[in-house]
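Shown next: run22.txt, containing compact mmCIF, C-alpha atoms.
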# COMPACT_ATOMS: atom_id res chain seq x y z
CA VAL A 1 17.41 -4.03 6.69
CA VAL A 2 20.56 -2.07 5.87
CA ALA A 3 22.62 -5.24 6.20
CA GLN A 4 20.20 -7.07 3.90
CA LEU A 5 20.53 -4.35 1.25
CA ARG A 6 24.32 -4.29 1.48
CA ALA A 7 24.41 -8.08 1.15
CA ARG A 8 22.53 -7.69 -2.13
CA GLY A 9 24.95 -5.12 -3.52
CA ALA A 10 23.30 -1.85 -2.53
CA ILE A 11 25.53 1.13 -1.77
CA MET A 12 24.18 2.97 1.26
CA LEU A 13 24.85 6.69 0.90
CA GLY A 14 23.90 7.75 4.42
CA LYS A 15 21.21 8.59 6.92
CA VAL A 16 18.62 11.17 5.84
CA HIS A 17 16.97 13.74 8.10
CA THR A 18 13.65 12.48 9.52
CA THR A 19 11.35 13.61 12.30
CA GLU A 20 12.81 12.95 15.73
CA PHE A 21 11.93 9.43 16.93
CA ALA A 22 9.38 9.27 14.07
CA TYR A 23 7.15 11.72 15.93
CA PHE A 24 5.67 15.14 15.12
CA ASP A 25 8.52 17.51 15.93
CA PRO A 26 9.32 18.60 12.34
CA PRO A 27 12.76 18.34 10.73
CA PRO A 28 14.25 21.11 8.57
CA THR A 29 13.79 18.94 5.46
CA ARG A 30 11.81 20.60 2.65
CA ASN A 31 9.71 19.33 -0.25
CA PRO A 32 11.73 19.38 -3.51
CA HIS A 33 8.59 20.31 -5.48
CA ASP A 34 8.03 23.45 -3.37
CA LEU A 35 10.42 24.48 -0.60
CA ALA A 36 7.58 26.22 1.23
CA ARG A 37 5.88 22.85 1.79
CA THR A 38 6.62 19.89 4.05
CA PRO A 39 7.82 16.63 2.49
CA GLY A 40 5.70 14.85 5.13
CA GLY A 41 6.83 12.78 8.06
CA SER A 42 8.30 10.88 9.60
CA SER A 43 10.27 9.65 6.58
CA ALA A 44 10.78 13.23 5.39
CA GLY A 45 14.34 12.96 4.15
CA SER A 46 13.67 9.62 2.49
CA ALA A 47 11.01 11.12 0.22
CA ALA A 48 12.98 14.33 -0.38
CA ALA A 49 16.09 12.37 -1.37
CA VAL A 50 14.19 10.32 -3.95
CA ALA A 51 12.14 13.25 -5.28
CA SER A 52 15.28 15.36 -5.75
CA GLY A 53 16.98 12.58 -7.72
CA THR A 54 19.66 12.02 -5.11
CA VAL A 55 18.89 8.29 -4.70
CA PRO A 56 16.71 5.77 -6.58
CA PHE A 57 15.03 4.57 -3.39
CA ALA A 58 15.13 5.08 0.36
CA LEU A 59 13.99 3.25 3.47
CA GLY A 60 11.29 4.59 5.74
CA THR A 61 9.22 3.41 8.68
CA GLN A 62 5.46 3.58 9.10
CA THR A 63 3.55 3.52 12.36
CA ALA A 64 0.60 5.50 10.95
CA GLY A 65 1.40 7.07 7.58
CA SER A 66 5.10 7.83 7.62
CA VAL A 67 6.06 6.07 4.37
CA ASN A 68 3.00 6.52 2.16
CA ARG A 69 2.29 10.14 3.12
CA PRO A 70 5.77 11.51 2.29
CA ALA A 71 5.62 9.58 -0.98
CA ALA A 72 2.28 11.21 -1.84
CA PHE A 73 3.46 14.69 -0.87
CA CYS A 74 6.57 14.33 -3.04
CA GLY A 75 4.89 12.74 -6.09
CA LEU A 76 6.46 9.30 -5.59
CA GLY A 77 5.59 5.64 -5.25
CA ALA A 78 6.03 3.58 -2.11
CA PHE A 79 5.33 0.14 -0.70
CA LYS A 80 4.50 -0.50 2.95
CA PRO A 81 4.24 -4.27 3.46
CA THR A 82 1.83 -6.01 5.80
CA THR A 83 2.04 -4.27 9.18
CA GLN A 84 4.84 -5.69 11.37
CA SER A 85 6.16 -7.99 8.63
CA LEU A 86 9.43 -6.05 8.26
CA VAL A 87 10.00 -4.51 11.69
CA GLY A 88 13.74 -5.16 11.42
CA ALA A 89 16.46 -5.44 14.03
CA GLY A 90 18.08 -2.11 14.76
CA VAL A 91 15.01 0.02 14.09
CA VAL A 92 14.27 2.32 17.03
CA PRO A 93 10.73 1.39 18.21
CA PHE A 94 7.85 3.83 18.40
CA ALA A 95 4.74 1.65 18.77
CA PRO A 96 5.73 -1.98 18.14
CA SER A 97 2.19 -3.07 17.26
CA PHE A 98 2.41 -0.99 14.07
CA ASP A 99 6.06 -0.12 13.34
CA THR A 100 6.87 -1.42 9.84
CA VAL A 101 9.76 -0.81 7.46
CA GLY A 102 8.78 0.31 3.95
CA VAL A 103 10.41 1.74 0.84
CA ILE A 104 9.95 4.97 -1.14
CA ALA A 105 10.94 4.93 -4.83
CA ALA A 106 10.05 6.42 -8.21
CA ASP A 107 7.01 4.15 -8.45
CA ALA A 108 5.31 1.52 -6.33
CA ARG A 109 6.62 -1.40 -8.37
CA ASP A 110 10.22 -0.36 -7.77
CA ALA A 111 9.49 0.05 -4.06
CA ALA A 112 7.82 -3.38 -3.89
CA TYR A 113 10.86 -4.95 -5.55
CA VAL A 114 13.16 -3.49 -2.89
CA VAL A 115 10.81 -4.63 -0.10
CA GLU A 116 11.00 -8.17 -1.47
CA THR A 117 14.81 -8.14 -1.49
CA ILE A 118 14.95 -7.34 2.23
CA ALA A 119 12.11 -9.67 3.25
CA PRO A 120 12.74 -13.09 4.82
CA PRO A 121 12.50 -15.92 2.24
CA ALA A 122 9.07 -16.95 3.51
CA LEU A 123 7.75 -13.50 2.57
CA HIS A 124 9.18 -13.38 -0.96
CA PHE A 125 6.49 -12.62 -3.53
CA GLY A 126 7.48 -15.25 -6.09
CA ASP A 127 5.00 -16.35 -8.74
CA THR A 128 1.93 -15.81 -6.62
CA SER A 129 -0.80 -18.38 -7.12
CA THR A 130 -3.41 -15.96 -5.79
CA ALA A 131 -6.17 -15.05 -8.24
CA PRO A 132 -5.33 -11.86 -10.17
CA MET A 133 -6.92 -8.56 -9.22
CA ARG A 134 -10.61 -8.42 -10.10
CA ASP A 135 -11.51 -4.79 -9.43
CA VAL A 136 -10.52 -1.61 -7.62
CA VAL A 137 -12.89 -0.55 -4.84
CA PHE A 138 -12.94 3.15 -3.94
CA VAL A 139 -13.78 3.13 -0.24
CA ASP A 140 -16.06 5.79 1.24
CA ASP A 141 -16.43 6.76 4.88
CA PRO A 142 -17.64 9.84 6.80
CA LEU A 143 -14.06 10.58 7.89
CA LEU A 144 -12.99 10.79 4.25
CA ASP A 145 -15.94 13.04 3.51
CA ASP A 146 -14.83 15.38 6.29
CA LEU A 147 -11.12 15.40 5.45
CA ARG A 148 -10.92 15.44 1.66
CA GLU A 149 -10.08 18.73 0.01
CA PRO A 150 -11.67 19.56 -3.38
CA SER A 151 -8.39 18.98 -5.23
CA MET A 152 -8.13 15.46 -3.80
CA THR A 153 -11.76 14.65 -4.57
CA ALA A 154 -11.20 15.68 -8.19
CA ALA A 155 -7.92 13.75 -8.47
CA ILE A 156 -9.47 10.55 -7.08
CA GLY A 157 -12.35 10.92 -9.54
CA ALA A 158 -9.91 11.35 -12.43
CA PHE A 159 -7.95 8.30 -11.25
CA ALA A 160 -11.12 6.17 -11.25
CA ALA A 161 -12.01 7.41 -14.73
CA LYS A 162 -8.54 6.60 -16.10
CA LEU A 163 -8.66 3.12 -14.60
CA GLY A 164 -11.99 2.55 -16.31
CA LYS A 165 -10.54 3.64 -19.67
CA ALA A 166 -7.61 1.26 -19.10
CA GLY A 167 -10.01 -1.65 -18.68
CA VAL A 168 -9.91 -1.91 -14.88
CA ALA A 169 -13.28 -2.59 -13.25
CA THR A 170 -14.01 -0.05 -10.50
CA ARG A 171 -16.74 0.42 -7.92
CA SER A 172 -17.44 2.36 -4.74
CA ALA A 173 -18.31 0.88 -1.35
CA ARG A 174 -18.88 2.18 2.17
CA SER A 175 -16.49 0.96 4.83
CA PRO A 176 -18.11 -1.69 7.06
CA VAL A 177 -16.09 -0.34 10.00
CA PRO A 178 -16.23 3.39 10.84
CA PHE A 179 -12.80 4.88 10.16
CA GLU A 180 -13.15 7.17 13.19
CA GLU A 181 -13.40 4.08 15.38
CA VAL A 182 -10.18 2.66 13.94
CA VAL A 183 -8.45 6.04 14.35
CA ASN A 184 -9.30 5.99 18.06
CA LEU A 185 -8.13 2.39 18.51
CA HIS A 186 -4.88 3.11 16.68
CA ALA A 187 -4.34 6.19 18.85
CA THR A 188 -4.90 4.35 22.13
CA ILE A 189 -2.55 1.50 21.21
CA SER A 190 0.22 3.62 19.71
CA ARG A 191 0.12 6.22 22.49
CA TYR A 192 0.24 3.57 25.22
CA GLU A 193 3.22 1.87 23.57
CA LEU A 194 4.99 5.17 22.85
CA SER A 195 4.75 6.19 26.49
CA ARG A 196 6.12 2.86 27.76
CA VAL A 197 8.73 2.02 25.13
CA ASN A 198 10.23 5.52 25.19
CA ALA A 199 9.75 6.39 28.88
CA GLY A 200 13.53 6.45 29.35
CA LEU A 201 13.78 9.49 27.09
CA LEU A 202 12.33 11.61 29.89
CA GLU A 203 15.67 11.15 31.67
CA VAL A 204 17.19 13.32 28.91
CA GLU A 205 14.15 15.49 28.34
CA HIS A 206 16.26 18.56 27.58
CA LEU A 207 17.69 16.76 24.53
CA ILE A 208 14.43 15.77 22.82
CA GLY A 209 11.54 17.61 21.17
CA GLU A 210 9.08 19.44 23.37
CA LYS A 211 5.99 17.71 21.93
CA LEU A 212 7.56 14.26 22.20
CA ALA A 213 8.48 14.80 25.85
CA HIS A 214 5.05 16.19 26.68
CA ASP A 215 3.19 13.30 25.05
CA ILE A 216 5.33 10.53 26.53
CA ARG A 217 4.43 11.87 29.96
CA ALA A 218 0.76 12.54 29.15
CA TYR A 219 0.07 9.14 27.57
CA GLN A 220 1.28 7.28 30.64
CA ALA A 221 -2.23 7.99 31.94
CA ILE A 222 -3.63 5.40 29.48
CA THR A 223 -4.32 2.26 31.53
CA GLU A 224 -3.32 -1.28 30.67
CA ALA A 225 -7.01 -2.22 30.67
CA ASP A 226 -7.76 0.42 28.05
CA TYR A 227 -4.82 -0.79 25.99
CA VAL A 228 -5.82 -4.46 26.10
CA ALA A 229 -9.41 -3.60 25.21
CA ALA A 230 -8.24 -1.50 22.24
CA VAL A 231 -6.06 -4.34 20.94
CA SER A 232 -8.98 -6.76 21.15
CA ASP A 233 -11.34 -4.32 19.43
CA LEU A 234 -8.81 -3.68 16.67
CA TYR A 235 -8.50 -7.39 15.86
CA ALA A 236 -12.30 -7.55 15.61
CA ALA A 237 -12.32 -4.49 13.34
CA ARG A 238 -9.72 -6.08 11.05
CA GLU A 239 -11.82 -9.22 10.73
CA ALA A 240 -14.99 -7.25 9.96
CA PHE A 241 -13.25 -4.99 7.44
CA TRP A 242 -11.34 -7.55 5.40
CA SER A 243 -14.18 -10.06 5.34
CA ALA A 244 -16.11 -7.37 3.43
CA PHE A 245 -13.20 -6.72 1.02
CA PRO A 246 -11.44 -10.04 0.37
CA TRP A 247 -8.88 -10.49 -2.34
CA PRO A 248 -9.06 -10.29 -5.40
CA SER A 249 -10.37 -6.75 -4.82
CA VAL A 250 -7.86 -3.92 -4.38
CA LEU A 251 -8.91 -0.94 -2.28
CA ALA A 252 -8.18 2.66 -3.29
CA LEU A 253 -8.13 5.65 -0.94
CA PRO A 254 -6.55 9.10 -0.85
CA ALA A 255 -3.18 9.12 0.88
CA ALA A 256 -3.92 12.45 2.55
CA PRO A 257 -6.67 15.08 2.57
CA GLY A 258 -4.86 17.09 -0.09
CA PRO A 259 -1.38 18.29 -1.10
CA ALA A 260 1.49 18.80 1.32
CA PRO A 261 0.73 21.63 3.77
CA LEU A 262 2.71 24.83 3.71
CA GLY A 263 5.09 25.27 6.64
CA ASP A 264 6.49 22.72 9.05
CA ALA A 265 3.48 20.57 9.99
CA THR A 266 4.03 17.10 8.48
CA GLY A 267 0.39 16.55 7.47
CA ASP A 268 -2.70 14.64 8.58
CA HIS A 269 -1.96 10.95 9.10
CA ARG A 270 -5.44 9.66 9.93
CA ILE A 271 -6.42 8.10 6.58
CA LEU A 272 -3.18 6.16 6.32
CA GLY A 273 -3.26 5.37 10.04
CA VAL A 274 -6.57 3.60 9.56
CA MET A 275 -5.16 1.32 6.87
CA THR A 276 -1.92 0.71 8.76
CA ALA A 277 -3.97 -0.31 11.80
CA LEU A 278 -6.03 -2.62 9.58
CA ALA A 279 -2.65 -4.15 8.69
CA GLY A 280 -2.73 -4.76 4.92
CA PRO A 281 0.04 -3.79 2.46
CA GLN A 282 -0.18 -0.31 0.94
CA ALA A 283 1.19 0.94 -2.37
CA SER A 284 1.46 4.67 -3.10
CA ILE A 285 0.33 5.88 -6.54
CA PRO A 286 0.91 9.48 -7.74
CA LEU A 287 -2.22 11.24 -8.99
CA ASP A 288 -2.71 14.29 -11.19
CA PRO A 289 -1.19 17.28 -9.35
CA CYS A 290 -3.26 19.99 -7.69
CA PRO A 291 -4.42 22.24 -10.58
CA GLU A 292 -4.11 25.45 -8.56
CA THR A 293 -0.60 24.96 -7.18
CA GLY A 294 0.94 22.06 -9.10
CA ALA A 295 1.65 20.32 -5.78
CA PRO A 296 1.69 16.49 -5.95
CA LEU A 297 -1.28 14.41 -4.84
CA GLY A 298 -1.32 10.70 -4.13
CA ALA A 299 -3.52 7.68 -3.53
CA ILE A 300 -2.91 4.32 -1.90
CA LEU A 301 -3.86 0.87 -3.11
CA CYS A 302 -4.44 -1.68 -0.35
CA ALA A 303 -4.87 -5.44 -0.06
CA PRO A 304 -5.63 -7.74 2.90
CA PRO A 305 -2.81 -8.63 5.33
CA GLY A 306 -0.45 -11.18 3.82
CA TYR A 307 -1.36 -10.35 0.21
CA ASP A 308 1.80 -8.34 -0.40
CA GLY A 309 2.85 -10.42 -3.40
CA ALA A 310 -0.59 -10.28 -4.96
CA LEU A 311 -0.69 -6.49 -4.61
CA ALA A 312 2.84 -6.17 -6.00
CA HIS A 313 1.92 -8.26 -9.05
CA ALA A 314 -1.17 -6.10 -9.61
CA LEU A 315 0.97 -2.94 -9.92
CA ASP A 316 1.10 -2.78 -13.70
CA ARG A 317 1.27 0.18 -16.07
CA ARG A 318 -2.42 0.95 -15.63
CA PHE A 319 -1.58 2.50 -12.26
CA GLU A 320 1.25 4.71 -13.51
CA PHE A 321 -0.52 7.41 -15.53
CA ARG A 322 1.60 10.33 -14.36
CA ARG A 323 4.84 8.54 -15.12
CA GLN A 324 3.67 7.75 -18.65
CA GLU A 325 2.38 11.27 -19.32
CA HIS A 326 5.27 13.19 -17.77
Turn this file's structure into structure tokens for me.
Amino acid sequence: VVAQLRARGAIMLGKVHTTEFAYFDPPPTRNPHDLARTPGGSSAGSAAAVASGTVPFALGTQTAGSVNRPAAFCGLGAFKPTTQSLVGAGVVPFAPSFDTVGVIAADARDAAYVVETIAPPALHFGDTSTAPMRDVVFVDDPLLDDLREPSMTAAIGAFAAKLGKAGVATRSARSPVPFEEVVNLHATISRYELSRVNAGLLEVEHLIGEKLAHDIRAYQAITEADYVAAVSDLYAAREAFWSAFPWPSVLALPAAPGPAPLGDATGDHRILGVMTALAGPQASIPLDPCPETGAPLGAILCAPPGYDGALAHALDRRFEFRRQEH
């Protein structure tokens, strides 16, 4: 992906600081909006570099929520294409079933434009012939009910109201597939692959993070039978989910339970992990900030796998309230 960008005239300024091997051992990177808060992970430095005005965009990788969550925590846009569509030679693998290159930028449209420039010709968005977006569906699920903080609930409600005023049809719908089930399938698959793909790191255990080393060893207990069953069940879950929400509907969900946590923890990835496992493209949209702290909040807009161009074309000014107002 770096070679593709250079071939198109981009000047690469360097490698930012991210979580080690895209895992949970936190980097020293801080959130430019509040240095006491995390910028998220794993693409921590990518979001911090854009939010601080250092670069107009930055690359990231997403296995669960590592592009869209940092974007949300830093008040930015992002575009994670269909899962696995931009894996990219030279990217260190984490869990190959989900690893996907994405882009963080000032807004989701800018990020989508960069994604298209580094995509193979067959994946270019072009003048999509797909029917234009019909409505935005705010998805509900017990997991969201459990995770959402009051500030996020209020911000999502305000987002829906603003869309309505802008002439966008909105509705709410319950997920046909329990999110908790998808979380568990994603965990089984990604942990199995992490423990096999990165087993060689245990030979230099003293050089890597303590949590990473511990989990590589622990997850080797996951059997191949459990892994194969989880992959099969995930494909069935994708079919059941997207058959209930076909294009031209766009799905809207919170990108995280609330604002970026204080301290080093990179944040809860489960909401984004569900949608990454379900494989569709995801665009990050900044919401109204947390009224108590001023910390950024963010949502994601999602479309079925392969509808990257359609989602990119749907990202018009009606989704960019904060940028217009601030």
How close does each residue of region 213-324 of chain A get to region 76-86 of chain A, giving the shortest atom pair and distance in Å to one decimal for every residue with an atom at most 8 Å away, counting all atoms listed in the file, sorted by chain and residue number, as CSV?
residue,atom,partner,partner_atom,distance
A:Thr276,CA,A:Thr83,CA,6.4
A:Ala277,CA,A:Thr83,CA,7.7
A:Ala279,CA,A:Thr83,CA,4.7
A:Gly280,CA,A:Thr82,CA,4.8
A:Pro281,CA,A:Pro81,CA,4.3
A:Gln282,CA,A:Lys80,CA,5.1
A:Ala283,CA,A:Phe79,CA,4.5
A:Ser284,CA,A:Gly77,CA,4.8
A:Ile285,CA,A:Gly77,CA,5.4
A:Pro286,CA,A:Leu76,CA,6.0
A:Pro305,CA,A:Thr82,CA,5.3
A:Gly306,CA,A:Thr82,CA,6.0
A:Tyr307,CA,A:Thr82,CA,7.8
A:Asp308,CA,A:Pro81,CA,6.1
Just checking: using all atoms listed in the file, which residue out of A:Gly164, A:Ser66, A:Pro56, A:Ala314 ends up closest to Phe125 (chain A)?
A:Ala314
Per-residue nearest contacts region 141-225 of chain A to region 252-259 of chain A, cut-off 9 Å, using only C-alpha atoms, as a Markdown table:
| residue | atom | partner | partner_atom | distance |
| --- | --- | --- | --- | --- |
| A:Leu144 | CA | A:Pro257 | CA | 7.8 |
| A:Asp146 | CA | A:Pro257 | CA | 9.0 |
| A:Leu147 | CA | A:Pro257 | CA | 5.3 |
| A:Arg148 | CA | A:Pro257 | CA | 4.4 |
| A:Glu149 | CA | A:Gly258 | CA | 5.5 |
| A:Pro150 | CA | A:Gly258 | CA | 8.0 |
| A:Ser151 | CA | A:Gly258 | CA | 6.5 |
| A:Met152 | CA | A:Gly258 | CA | 5.2 |
| A:Thr153 | CA | A:Pro254 | CA | 8.5 |
| A:Ile156 | CA | A:Pro254 | CA | 7.0 |
Name the closest residue to Ile11 (chain A) among the candidates A:Asp145, A:Ser172, A:Gly41, A:Val55; distances are taken between atoms, counting only C-alpha atoms.
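Once distances to Ile11 (chain A) are computed over only C-alpha atoms, the minimum belongs to A:Val55.
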Which residue is closest to Val103 (chain A)? Choose from A:Gly60, A:Gly209, A:Pro176, A:Pro32 and count only C-alpha atoms.
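Checking each of A:Gly60, A:Gly209, A:Pro176, A:Pro32 against Val103 (chain A), counting only C-alpha atoms, the winner is A:Gly60.
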Sorted per-residue table, region 70-115 of chain A near region 19-27 of chain A, closest atoms and distance, 12 Å, all atoms listed in the file, as a tab-separated table:
residue	atom	partner	partner_atom	distance
A:Pro70	CA	A:Thr19	CA	11.7
A:Val91	CA	A:Phe21	CA	10.3
A:Val92	CA	A:Phe21	CA	7.5
A:Pro93	CA	A:Phe21	CA	8.2
A:Phe94	CA	A:Phe21	CA	7.1
A:Ala95	CA	A:Ala22	CA	10.1
A:Asp99	CA	A:Ala22	CA	10.0
A:Thr100	CA	A:Ala22	CA	11.8
Region 135-139 of chain A surroundings by all atoms listed in the file, 10 Å radius, close-in-sequence under 4 positions cut, as a VMD selection string:
chain A and resid 144 156 to 157 160 163 to 164 167 to 176 245 247 to 254 301 to 302
If you count only C-alpha atoms, which residues fall within 12 Å of Gly14 (chain A), apart from same-chain ones fewer than 4 positions away, as a count of residues only?
9
Could you give me, as a list in words, the residues that have an atom at most 10 Å away from the point (12.5, 15.5, -2.1) in the coordinates of the file, using only C-alpha atoms?
Thr29, Arg30, Asn31, Pro32, His33, Asp34, Leu35, Thr38, Pro39, Gly40, Ala44, Gly45, Ser46, Ala47, Ala48, Ala49, Val50, Ala51, Ser52, Gly53, Thr54, Val55, Pro70, Ala71, Phe73, Cys74, Gly75 and Leu76 of chain A
Contact residues around Leu234 (chain A) with only C-alpha atoms at 8 Å, ignoring same-chain residues under 2 positions, as a PyMOL selection string
chain A and resi 182+185-186+230-232+236-238+277-278
Give the answer as one residue: which of A:Ala122, A:Ala72, A:Ala229, A:Ile300 has the shortest atom-to-atom distance to Gly267 (chain A), using only C-alpha atoms?
A:Ala72
Best match for closeness to Ser97 (chain A) among A:His124, A:Arg134, A:Lys162, A:Arg191, counting all atoms listed in the file
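Looking only at the distances to Ser97 (chain A), the closest residue turns out to be A:Arg191.
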Two-atom distance - CA of Leu272 (chain A), CA of Gly65 (chain A) (Å):
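Value for the CA of Leu272 (chain A)-CA of Gly65 (chain A) distance: 4.8 Å.
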What is the distance between CA of Pro96 (chain A) and CA of Gln62 (chain A), in Å to one decimal?
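We find that CA of Pro96 (chain A) and CA of Gln62 (chain A) lie 10.6 Å from each other.
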